[in-house]
Each structure stands twice: as structure tokens, then as C-alpha cells.
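Accompanying notes for the structure given below.
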Amino acid sequence: MPENSPGFEIAQSGSRISFEFTEKRLPGPTVIAELQKHLQTLVARHDAKTLSLKAGNLQMIPSQLLGFLVEFKRRGLEVELINPSEIVLETLRAVDLEKYFTVKRAG
């Protein structure tokens with residue numbers, strides 16, 4: 001079930017919800033807030049267990065996005081980062097947030 005909005009795409013399959021940003025530039029607060037609302041609705045509706053961010057096109061993760069991803073983790077969801085850049089991983093390590101995410105490399 002793909003769900004598209006300006007700035008991001010969401011897909012749900014079973015108990016997994018995956019999403020990615022569709023533009024190269026860093027998503028702004030309005031896009032992130034809209035994404036958060038969509039994800040909260042889908043997580044509740046489908047009893048999701050895993051939230052997966054396809055992060056390959058992000059060179060940074062805005063703090064607003066990190067905040068709500070950590071909140072989903074605290075609620076018991078598995079939060080995956082798919083193909084994050086080394087800069088993103090270094091940032092997560094520097095602020096001691098890497099423990100909240102499962103990093104996966106996909107081809």
C-alpha cells in the first residue's frame with residue numbers, strides 16, 4: 001500500500017512500514033511533521049512492528065526526524081536505517097543515538 005505525499009513516500013507490507021524522502025534536499029519541518037502524522041496513523045492501523053527509513057539519499061537527519069524515530073523505538077517498534085551515509089552514522093554515534101537504530105545495508 002504505497003502512500004505518497006510531497007516530499008516522501010510510505011509503503012506498508014504486513015507489520016513493516018518503510019518510508020523515504022523523495023527529494024535530494026533536506027526535508028523541512030512541515031514535511032517531517034506531515035510524515036510523522038502519516039506514520040502514527042499507519043502504525044496504529046496496521047499494528048506495525050518495524051519502521052524502516054530508506055536513508056541512502058540523506059546526508060543529514062534533522063533533529064525533528066530523529067526525535068520521532070527515537071519515540072517510535074521507545075514505544076517498542078524496531079527502527080531500521082537502510083543504507084545510511086557514513087556522515088549520518090558518525091552523527092548518531094557522536095550524540096549517542098546509534099543504539100536506537102538497526103543499520104542495514106541493502107543492494
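Letters A, B, ... mark the chains of the C-alpha cells in the order given; residue numbers begin at 1 per chain; ligand numbers begin at 1, in order shown.
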Members of stretch 33-66 of chain A assigned strand (DSSP E or B) by DSSP, as a list in words: Thr50, Leu51, Ser52, Leu53 and Lys54 of chain A
Close residues, A:Leu97 itself excluded, 12 Å, only C-alpha atoms, min 3 positions apart in chain, as a PyMOL selection string: chain A and resi 61+63+66-67+69-71+73+79+88-94+100-102
Could the residues in this selection be written to a file with C-alpha atoms, as a compact mmCIF listing (two decimals), in the first residue's frame?
# COMPACT_ATOMS: atom_id res chain seq x y z
CA ILE A 61 18.99 13.61 9.60
CA SER A 63 16.69 16.57 14.82
CA LEU A 66 15.50 11.78 14.93
CA GLY A 67 13.19 12.75 17.77
CA LEU A 69 12.15 7.92 15.30
CA VAL A 70 13.51 7.55 18.84
CA GLU A 71 9.97 7.95 20.18
CA LYS A 73 11.62 2.96 19.28
CA VAL A 79 13.55 1.20 13.79
CA VAL A 88 24.70 10.07 9.36
CA LEU A 89 26.24 7.14 11.25
CA GLU A 90 29.00 9.35 12.69
CA THR A 91 26.41 11.88 13.82
CA LEU A 92 24.36 9.17 15.55
CA ARG A 93 27.47 7.91 17.34
CA ALA A 94 28.50 11.42 18.37
CA TYR A 100 18.09 3.16 18.89
CA PHE A 101 18.54 2.00 15.30
CA THR A 102 19.29 -1.17 13.40
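Counting only C-alpha atoms, the residue from A:Ala48, A:Ala11, A:Pro6, A:Lys99 that sits nearest to A:Val31 is A:Pro6.
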Near-A:Asn83 list (10 Å; only C-alpha atoms; drop same-chain fewer than 5 positions) as an NGL selection string: :A and (53-58 or 88-89 or 103-107)
Option closest in space to A:Glu78, from A:Leu65, A:Ile10, A:Val43, A:Leu51 [counting only C-alpha atoms]: A:Leu51
Atom CA of A:His46 to atom CA of A:Phe8, straight-line distance in Å: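 Going from atom CA of A:Phe8 over to atom CA of A:His46 covers 19.4 Å.
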Point-to-point distance from atom CA of A:Glu80 to atom CA of A:Gly7, Å rounded to tenths: 19.7 Å
DSSP helix (DSSP H, G or I) residues within chain A, listed as a PyMOL selection string: chain A and resi 29-46+63-74+86-94+98-100
Please produce an output containing N, CA and C atoms for each residue in the selection, written as a compact mmCIF listing (two decimals), in the first residue's frame.
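The new file selection.txt reads:
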# COMPACT_ATOMS: atom_id res chain seq x y z
N PRO A 29 10.64 21.20 8.30
CA PRO A 29 9.79 20.85 9.43
C PRO A 29 8.35 20.50 9.04
N THR A 30 7.81 21.17 8.04
CA THR A 30 6.43 20.89 7.62
C THR A 30 6.33 19.49 7.03
N VAL A 31 7.27 19.12 6.18
CA VAL A 31 7.28 17.77 5.58
C VAL A 31 7.45 16.72 6.67
N ILE A 32 8.35 16.95 7.60
CA ILE A 32 8.60 15.98 8.67
C ILE A 32 7.37 15.84 9.57
N ALA A 33 6.71 16.94 9.89
CA ALA A 33 5.50 16.88 10.72
C ALA A 33 4.39 16.10 10.01
N GLU A 34 4.24 16.31 8.72
CA GLU A 34 3.24 15.58 7.95
C GLU A 34 3.58 14.09 7.92
N LEU A 35 4.84 13.78 7.70
CA LEU A 35 5.29 12.39 7.70
C LEU A 35 4.99 11.73 9.04
N GLN A 36 5.29 12.41 10.12
CA GLN A 36 5.06 11.86 11.45
C GLN A 36 3.58 11.51 11.65
N LYS A 37 2.68 12.39 11.22
CA LYS A 37 1.24 12.11 11.35
C LYS A 37 0.85 10.87 10.56
N HIS A 38 1.33 10.78 9.32
CA HIS A 38 1.02 9.61 8.49
C HIS A 38 1.53 8.33 9.15
N LEU A 39 2.76 8.36 9.65
CA LEU A 39 3.35 7.18 10.25
C LEU A 39 2.60 6.77 11.52
N GLN A 40 2.24 7.72 12.35
CA GLN A 40 1.50 7.40 13.57
C GLN A 40 0.18 6.71 13.23
N THR A 41 -0.51 7.20 12.23
CA THR A 41 -1.78 6.61 11.80
C THR A 41 -1.57 5.19 11.29
N LEU A 42 -0.58 5.01 10.43
CA LEU A 42 -0.32 3.68 9.85
C LEU A 42 0.16 2.68 10.89
N VAL A 43 1.00 3.10 11.81
CA VAL A 43 1.49 2.21 12.86
C VAL A 43 0.31 1.70 13.69
N ALA A 44 -0.59 2.59 14.06
CA ALA A 44 -1.76 2.18 14.85
C ALA A 44 -2.71 1.30 14.03
N ARG A 45 -2.97 1.68 12.81
CA ARG A 45 -3.93 0.96 11.96
C ARG A 45 -3.47 -0.46 11.64
N HIS A 46 -2.18 -0.64 11.41
CA HIS A 46 -1.65 -1.94 10.97
C HIS A 46 -0.87 -2.68 12.05
N SER A 63 16.96 16.94 13.43
CA SER A 63 16.69 16.57 14.82
C SER A 63 15.21 16.24 15.03
N GLN A 64 14.31 16.91 14.33
CA GLN A 64 12.89 16.63 14.44
C GLN A 64 12.59 15.19 14.01
N LEU A 65 13.23 14.74 12.95
CA LEU A 65 13.07 13.37 12.46
C LEU A 65 13.67 12.38 13.45
N LEU A 66 14.87 12.65 13.94
CA LEU A 66 15.50 11.78 14.93
C LEU A 66 14.62 11.64 16.17
N GLY A 67 14.04 12.75 16.58
CA GLY A 67 13.19 12.75 17.77
C GLY A 67 12.01 11.80 17.64
N PHE A 68 11.32 11.86 16.51
CA PHE A 68 10.15 10.99 16.43
C PHE A 68 10.54 9.54 16.13
N LEU A 69 11.69 9.30 15.48
CA LEU A 69 12.15 7.92 15.30
C LEU A 69 12.50 7.29 16.65
N VAL A 70 13.18 8.04 17.50
CA VAL A 70 13.51 7.55 18.84
C VAL A 70 12.22 7.29 19.63
N GLU A 71 11.24 8.15 19.48
CA GLU A 71 9.97 7.95 20.18
C GLU A 71 9.28 6.67 19.73
N PHE A 72 9.30 6.36 18.42
CA PHE A 72 8.75 5.10 17.94
C PHE A 72 9.51 3.92 18.56
N LYS A 73 10.82 4.02 18.67
CA LYS A 73 11.62 2.96 19.28
C LYS A 73 11.23 2.77 20.74
N ARG A 74 11.04 3.85 21.45
CA ARG A 74 10.64 3.77 22.86
C ARG A 74 9.26 3.14 23.03
N GLU A 86 27.84 7.48 5.84
CA GLU A 86 28.79 7.47 6.95
C GLU A 86 28.64 8.73 7.81
N ILE A 87 28.30 9.83 7.19
CA ILE A 87 28.10 11.08 7.95
C ILE A 87 26.95 10.92 8.93
N VAL A 88 25.85 10.30 8.48
CA VAL A 88 24.70 10.07 9.36
C VAL A 88 25.11 9.15 10.50
N LEU A 89 25.81 8.07 10.20
CA LEU A 89 26.24 7.14 11.25
C LEU A 89 27.17 7.81 12.27
N GLU A 90 28.10 8.63 11.78
CA GLU A 90 29.00 9.35 12.69
C GLU A 90 28.23 10.30 13.59
N THR A 91 27.24 10.96 13.03
CA THR A 91 26.41 11.88 13.82
C THR A 91 25.67 11.12 14.91
N LEU A 92 25.08 9.98 14.56
CA LEU A 92 24.36 9.17 15.55
C LEU A 92 25.29 8.72 16.67
N ARG A 93 26.50 8.32 16.32
CA ARG A 93 27.47 7.91 17.34
C ARG A 93 27.85 9.09 18.23
N ALA A 94 28.05 10.24 17.62
CA ALA A 94 28.50 11.42 18.37
C ALA A 94 27.48 11.86 19.41
N GLU A 98 22.95 5.86 18.26
CA GLU A 98 23.01 4.69 17.37
C GLU A 98 22.34 3.47 17.98
N LYS A 99 22.25 3.41 19.31
CA LYS A 99 21.64 2.26 19.97
C LYS A 99 20.14 2.13 19.68
N TYR A 100 19.52 3.20 19.19
CA TYR A 100 18.09 3.16 18.89
C TYR A 100 17.78 2.59 17.50
Atomic separation - atom CA of A:Glu9 relative to atom CA of A:Arg25, Å: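 Computing it gives 14.9 Å between the two atoms.
The nearest approach to A:Thr50 among the residues A:Val95, A:Ser13, A:Leu77, A:Leu26, with only C-alpha atoms taken into account, belongs to A:Leu77.
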